[in-house]
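Colleague: Provided herewith: data_29.pdb, PDB, C-alpha atoms.
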ATOM      1  CA  MET A 146       0.000   0.000   0.000
ATOM      2  CA  ARG A 147       1.411   3.369  -1.000
ATOM      3  CA  ARG A 148       1.996   5.855   1.798
ATOM      4  CA  PRO A 149       0.047   9.114   1.421
ATOM      5  CA  VAL A 150       2.113  12.103   0.407
ATOM      6  CA  PRO A 151       2.195  14.744   3.189
ATOM      7  CA  ARG A 152       0.371  17.955   2.438
ATOM      8  CA  THR A 153       3.554  20.015   2.721
ATOM      9  CA  THR A 154       5.300  17.778   0.235
ATOM     10  CA  ARG A 155       2.350  18.037  -2.200
ATOM     11  CA  SER A 156       2.367  21.819  -1.859
ATOM     12  CA  LEU A 157       6.105  21.997  -2.447
ATOM     13  CA  ARG A 158       5.803  19.839  -5.548
ATOM     14  CA  PHE A 159       2.926  21.978  -6.780
ATOM     15  CA  ALA A 160       4.873  25.160  -6.198
ATOM     16  CA  ALA A 161       7.894  23.678  -8.010
ATOM     17  CA  ALA A 162       5.682  22.712 -10.955
ATOM     18  CA  ILE A 163       4.238  26.236 -11.125
ATOM     19  CA  SER A 164       7.723  27.753 -11.043
ATOM     20  CA  PHE A 165       8.944  25.433 -13.801
ATOM     21  CA  ALA A 166       5.920  26.226 -15.938
ATOM     22  CA  CYS A 167       6.505  29.949 -15.519
ATOM     23  CA  LEU A 168      10.122  29.568 -16.510
ATOM     24  CA  ALA A 169       8.941  27.738 -19.585
ATOM     25  CA  GLY A 170       6.642  30.655 -20.459
ATOM     26  CA  ALA A 171       3.434  28.769 -19.746
ATOM     27  CA  CYS A 172       2.159  30.875 -16.876
ATOM     28  CA  VAL A 173      -0.278  32.719 -19.129
ATOM     29  CA  LYS A 174      -1.941  29.439 -20.046
ATOM     30  CA  MET A 175      -2.494  28.300 -16.472
ATOM     31  CA  ASP A 176      -5.721  28.538 -14.550
ATOM     32  CA  ASP A 177      -6.033  31.959 -12.879
ATOM     33  CA  SER A 178      -9.161  31.167 -10.926
ATOM     34  CA  PRO A 179      -9.595  32.271  -7.287
ATOM     35  CA  SER A 180      -9.137  28.680  -6.126
ATOM     36  CA  MET A 181      -5.834  28.437  -8.006
ATOM     37  CA  ARG A 182      -4.590  31.702  -6.501
ATOM     38  CA  ALA A 183      -5.562  30.481  -3.028
ATOM     39  CA  GLU A 184      -3.703  27.218  -3.620
ATOM     40  CA  LEU A 185      -0.633  29.149  -4.730
ATOM     41  CA  ARG A 186      -0.748  31.379  -1.640
ATOM     42  CA  ALA A 187      -1.076  28.343   0.602
ATOM     43  CA  ALA A 188       1.830  26.604  -1.153
ATOM     44  CA  LYS A 189       4.011  29.718  -0.795
ATOM     45  CA  ALA A 190       3.171  30.020   2.899
ATOM     46  CA  GLU A 191       4.024  26.360   3.518
ATOM     47  CA  LEU A 192       7.231  26.727   1.535
ATOM     48  CA  ASN A 193       8.280  29.709   3.684
ATOM     49  CA  GLU A 194       7.423  27.804   6.869
ATOM     50  CA  ALA A 195       9.405  24.766   5.737
ATOM     51  CA  THR A 196      12.385  27.022   4.996
ATOM     52  CA  ARG A 197      12.245  28.534   8.486
ATOM     53  CA  GLU A 198      12.016  25.096  10.086
ATOM     54  CA  LEU A 199      14.981  23.875   8.053
ATOM     55  CA  ARG A 200      17.088  26.849   9.121
ATOM     56  CA  ALA A 201      16.140  26.348  12.784
ATOM     57  CA  ALA A 202      16.961  22.626  12.621
ATOM     58  CA  THR A 203      20.309  23.367  10.969
ATOM     59  CA  LYS A 204      21.207  25.847  13.719
ATOM     60  CA  GLU A 205      20.285  23.301  16.414
ATOM     61  CA  LEU A 206      22.508  20.687  14.778
ATOM     62  CA  VAL A 207      25.430  23.111  14.535
ATOM     63  CA  ASP A 208      25.026  24.151  18.198
ATOM     64  CA  ALA A 209      24.776  20.526  19.336
ATOM     65  CA  ARG A 210      27.897  19.587  17.394
ATOM     66  CA  ALA A 211      29.815  22.504  18.887
ATOM     67  CA  ALA A 212      28.745  21.472  22.397
ATOM     68  CA  LEU A 213      29.851  17.877  21.802
ATOM     69  CA  ASP A 214      33.205  19.000  20.401
ATOM     70  CA  SER A 215      33.846  21.281  23.387
ATOM     71  CA  ARG A 216      33.202  18.412  25.831
ATOM     72  CA  ALA A 217      35.112  15.787  23.886
ATOM     73  CA  LYS A 218      38.214  17.901  23.303
ATOM     74  CA  PRO A 219      38.833  20.565  25.964
ATOM     75  CA  ALA A 220      41.251  23.294  25.097
ATOM     76  CA  GLU A 221      44.783  22.577  26.301
ATOM     77  CA  VAL A 222      46.152  25.123  28.757
ATOM     78  CA  ARG A 223      49.881  25.693  28.543
ATOM     79  CA  LEU A 224      52.012  27.077  31.327
ATOM     80  CA  ALA A 225      54.484  29.824  30.508
ATOM     81  CA  VAL A 226      58.090  28.973  31.371
ATOM     82  CA  SER A 227      58.301  32.138  33.484
ATOM     83  CA  ASP A 228      55.407  30.903  35.646
ATOM     84  CA  ARG A 229      57.022  27.604  36.607
ATOM     85  CA  ILE A 230      57.899  27.193  40.274
ATOM     86  CA  PRO A 231      61.575  26.393  40.946
ATOM     87  CA  GLY A 232      62.253  22.849  42.110
ATOM     88  CA  LEU A 233      58.998  21.410  40.790
ATOM     89  CA  GLY A 234      60.938  18.455  39.406
ATOM     90  CA  LEU A 235      61.672  17.420  43.001
ATOM     91  CA  VAL A 236      57.979  16.749  43.649
ATOM     92  CA  LYS A 237      57.502  12.978  43.564
ATOM     93  CA  CYS A 238      54.151  11.199  43.406
ATOM     94  CA  ALA A 239      53.617   7.482  43.970
ATOM     95  CA  SER A 240      50.106   7.914  42.577
ATOM     96  CA  ALA A 241      47.580  10.658  41.989
ATOM     97  CA  LEU A 242      47.012  12.696  45.167
ATOM     98  CA  ARG A 243      49.848  10.863  46.999
ATOM     99  CA  CYS A 244      53.012  12.942  46.765
ATOM    100  CA  SER A 245      56.080  14.204  48.563
ATOM    101  CA  MET A 246      58.264  17.287  48.210
ATOM    102  CA  PRO A 247      61.290  18.826  49.911
ATOM    103  CA  ARG A 248      60.564  21.704  52.269
ATOM    104  CA  SER A 249      62.632  23.929  49.994
ATOM    105  CA  VAL A 250      59.989  23.511  47.256
ATOM    106  CA  LEU A 251      57.244  24.399  49.725
ATOM    107  CA  GLN A 252      59.191  27.554  50.547
ATOM    108  CA  ASN A 253      59.510  28.318  46.842
ATOM    109  CA  ILE A 254      55.740  27.982  46.519
ATOM    110  CA  ASP A 255      55.230  30.403  49.401
ATOM    111  CA  ARG A 256      57.570  32.935  47.785
ATOM    112  CA  ALA A 257      55.957  32.530  44.359
ATOM    113  CA  ARG A 258      52.263  32.857  45.194
ATOM    114  CA  ASP A 259      51.690  35.006  42.100
ATOM    115  CA  LYS A 260      52.979  32.168  39.908
ATOM    116  CA  LEU A 261      50.852  29.669  41.803
ATOM    117  CA  ALA A 262      47.791  31.847  41.204
ATOM    118  CA  ARG A 263      48.462  31.737  37.455
ATOM    119  CA  GLN A 264      48.883  27.963  37.580
ATOM    120  CA  ALA A 265      45.619  27.370  39.427
ATOM    121  CA  THR A 266      42.635  29.422  38.290
ATOM    122  CA  LEU A 267      40.144  29.105  41.142
ATOM    123  CA  ARG A 268      36.484  30.117  41.262
ATOM    124  CA  PRO A 269      34.503  30.255  44.518
ATOM    125  CA  VAL A 270      31.777  27.662  45.012
ATOM    126  CA  ARG A 271      28.808  28.886  47.052
ATOM    127  CA  SER A 272      26.018  27.166  48.910
ATOM    128  CA  LYS A 273      23.207  29.233  50.436
ATOM    129  CA  GLY A 274      25.221  32.368  49.735
ATOM    130  CA  LYS A 275      28.376  31.175  51.522
ATOM    131  CA  VAL A 276      31.700  30.126  49.997
ATOM    132  CA  ILE A 277      32.284  26.422  50.693
ATOM    133  CA  GLY A 278      35.370  25.870  48.542
ATOM    134  CA  TYR A 279      37.119  26.742  45.298
ATOM    135  CA  ARG A 280      36.754  25.030  41.930
ATOM    136  CA  LEU A 281      39.905  24.423  39.900
ATOM    137  CA  GLU A 282      39.036  25.758  36.439
ATOM    138  CA  SER A 283      42.096  24.530  34.553
ATOM    139  CA  VAL A 284      45.190  22.385  35.027
ATOM    140  CA  PRO A 285      48.046  23.569  32.803
ATOM    141  CA  ALA A 286      50.639  21.079  31.622
ATOM    142  CA  ASN A 287      53.825  21.016  33.770
ATOM    143  CA  SER A 288      52.080  22.855  36.613
ATOM    144  CA  LEU A 289      52.111  21.992  40.306
ATOM    145  CA  THR A 290      48.400  21.161  40.152
ATOM    146  CA  GLU A 291      48.997  18.623  37.361
ATOM    147  CA  LYS A 292      51.951  17.146  39.239
ATOM    148  CA  LEU A 293      49.832  16.586  42.351
ATOM    149  CA  GLY A 294      47.129  14.760  40.390
ATOM    150  CA  LEU A 295      44.464  17.439  40.592
ATOM    151  CA  GLU A 296      41.981  17.765  37.730
ATOM    152  CA  ALA A 297      39.970  20.598  36.220
ATOM    153  CA  GLY A 298      36.620  20.707  38.003
ATOM    154  CA  ASP A 299      38.001  19.565  41.361
ATOM    155  CA  ILE A 300      36.644  21.554  44.301
ATOM    156  CA  ILE A 301      39.142  22.174  47.090
ATOM    157  CA  GLU A 302      37.124  22.430  50.294
ATOM    158  CA  ARG A 303      39.731  22.277  53.042
ATOM    159  CA  VAL A 304      43.506  22.342  53.568
ATOM    160  CA  GLN A 305      44.718  20.885  56.859
ATOM    161  CA  THR A 306      41.918  21.933  59.217
ATOM    162  CA  THR A 307      41.187  25.232  57.452
ATOM    163  CA  SER A 308      37.989  25.354  55.419
ATOM    164  CA  LEU A 309      38.238  27.554  52.347
ATOM    165  CA  THR A 310      35.641  30.249  52.864
ATOM    166  CA  GLY A 311      37.088  33.458  51.465
ATOM    167  CA  LYS A 312      39.803  36.081  51.745
ATOM    168  CA  GLY A 313      42.749  35.355  53.986
ATOM    169  CA  ASP A 314      42.642  31.630  53.333
ATOM    170  CA  VAL A 315      46.038  31.533  51.598
ATOM    171  CA  ASP A 316      47.851  33.326  54.428
ATOM    172  CA  ALA A 317      46.223  31.108  57.065
ATOM    173  CA  ILE A 318      47.051  27.958  55.133
ATOM    174  CA  MET A 319      50.691  28.865  54.473
ATOM    175  CA  LYS A 320      51.201  29.578  58.172
ATOM    176  CA  LYS A 321      49.828  26.144  59.052
ATOM    177  CA  VAL A 322      51.785  24.177  56.476
ATOM    178  CA  SER A 323      55.115  26.031  56.757
ATOM    179  CA  ALA A 324      56.328  23.712  59.510
ATOM    180  CA  ALA A 325      54.074  20.726  58.790
ATOM    181  CA  LYS A 326      55.451  17.310  57.929
ATOM    182  CA  ARG A 327      52.332  16.377  55.994
ATOM    183  CA  ILE A 328      49.825  18.512  54.097
ATOM    184  CA  THR A 329      46.321  17.208  53.484
ATOM    185  CA  ALA A 330      43.524  18.687  51.418
ATOM    186  CA  LEU A 331      39.904  17.642  51.050
ATOM    187  CA  VAL A 332      38.964  17.556  47.367
ATOM    188  CA  LYS A 333      35.497  16.987  45.921
ATOM    189  CA  ARG A 334      35.498  15.312  42.498
ATOM    190  CA  ASN A 335      32.335  14.147  40.728
ATOM    191  CA  LYS A 336      30.354  14.175  43.990
ATOM    192  CA  LYS A 337      33.045  12.080  45.725
ATOM    193  CA  ARG A 338      35.419  13.430  48.366
ATOM    194  CA  LEU A 339      39.096  12.540  48.035
ATOM    195  CA  THR A 340      42.120  13.381  50.152
ATOM    196  CA  LEU A 341      45.266  14.899  48.671
ATOM    197  CA  ARG A 342      48.294  14.029  50.800
ATOM    198  CA  ILE A 343      51.723  15.632  50.464
ATOM    199  CA  ASP A 344      54.575  14.472  52.682
ATOM    200  CA  ILE A 345      57.179  17.152  53.357
ATOM    201  CA  THR A 346      60.797  16.004  53.593
ATOM    202  CA  ASP A 347      63.597  18.021  55.229
TER     203      ASP A 347
END
Translate the structure described by the file into structure tokens.

Modeller:
Amino acid sequence: MRRPVPRTTRSLRFAAAISFACLAGACVKMDDSPSMRAELRAAKAELNEATRELRAATKELVDARAALDSRAKPAEVRLAVSDRIPGLGLVKCASALRCSMPRSVLQNIDRARDKLARQATLRPVRSKGKVIGYRLESVPANSLTEKLGLEAGDIIERVQTTSLTGKGDVDAIMKKVSAAKRITALVKRNKKRLTLRIDITD
């Protein structure tokens, strides 16, 4: 059994036939009755509507493809040589989030906070209007954050016993860890909480 031809398709075919006939010089011979003019107006309206729908669908496909590409292949962030922290090669990690470093590197980090800030772009995370941590927006290659096993999207909620709630956190943290033998940080990743541990060697 043959499937019925949709009305829009019939109208488009009719409009195409009219256009072809006009190009062939046969328009003057065609029926110019009120019913024919009404049919032509209806076909033109449906043709315009189909064109708009096609453009909208094309835009949706392009936007969806762009969104998929951005998720599948995130832009690589490179770290400038001038922003590298001295002694970073001395940081050793047995596995992700399980590392050790000489105290001299920790001191270098304290002295180079501006470089650390450029290595770790942080955005505050709020709950009920209060800051409850900081989200790591990017992890440049060869950075301290990459070395420690942190990932873009990680939320750092606490370092040692200091919850990250706003201004003054960095100063308070550096005072606590300056003489510590182990640094721990609570990290939230994909709704799971992990612990970053850094052993400090003298």

Colleague: Using Å and a single decimal, report how far atom CA of Pro231 of chain A sits from atom CA of Leu267 of chain A.

Modeller: 21.6 Å

Colleague: At what distance in Å, to one decimal, does atom CA of Ile343 of chain A lie from atom CA of Gly232 of chain A?

Modeller: 15.3 Å

Colleague: Name the residues that the PyMOL selection byres ((chain A and resi 304-319) around 12) pulls out of this structure, and write them as a count of residues only.

Modeller: 45

Colleague: Which one of A:Met181, A:Val236, A:Ala190, A:Leu281 sits closest to Gln264 of chain A if you count only C-alpha atoms?

Modeller: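 Smallest distance to Gln264 of chain A is found for A:Leu281.
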
Colleague: Which is closest to Ser240 of chain A among A:Lys292, A:Asp299, A:Glu184, A:Asn335, if we use only C-alpha atoms?

Modeller: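 Result for the nearest residue to Ser240 of chain A: A:Lys292.
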
Colleague: For atom CA of Lys237 of chain A and atom CA of Ala286 of chain A, determine how far apart the two atoms are, in Å to one decimal place.

Modeller: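 For atom CA of Lys237 of chain A relative to atom CA of Ala286 of chain A, the distance reads 16.0 Å.
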
Colleague: When distances are computed from all atoms listed in the file, which of A:Thr196, A:Glu296, A:Thr266, A:Arg186 shows the smallest separation from Ala241 of chain A?

Modeller: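 Using all atoms listed in the file, Ala241 of chain A sits closest to A:Glu296.
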
Colleague: Can you give me, as a list in words, the residues this file yields under the PyMOL selection byres ((chain A and resi 287) around 9)?

Modeller: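 Selected by the PyMOL selection byres ((chain A and resi 287) around 9) here: Arg223, Leu224, Arg229, Leu233, Val284, Pro285, Ala286, Ser288, Leu289, Thr290, Glu291 and Lys292 of chain A.
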
Colleague: Given the PyMOL selection byres ((chain A and resi 248) around 8) and the file above, list the residues it selects as a list in words.

Modeller: Met246, Pro247, Ser249, Val250, Leu251, Gln252, Ile345, Thr346 and Asp347 of chain A
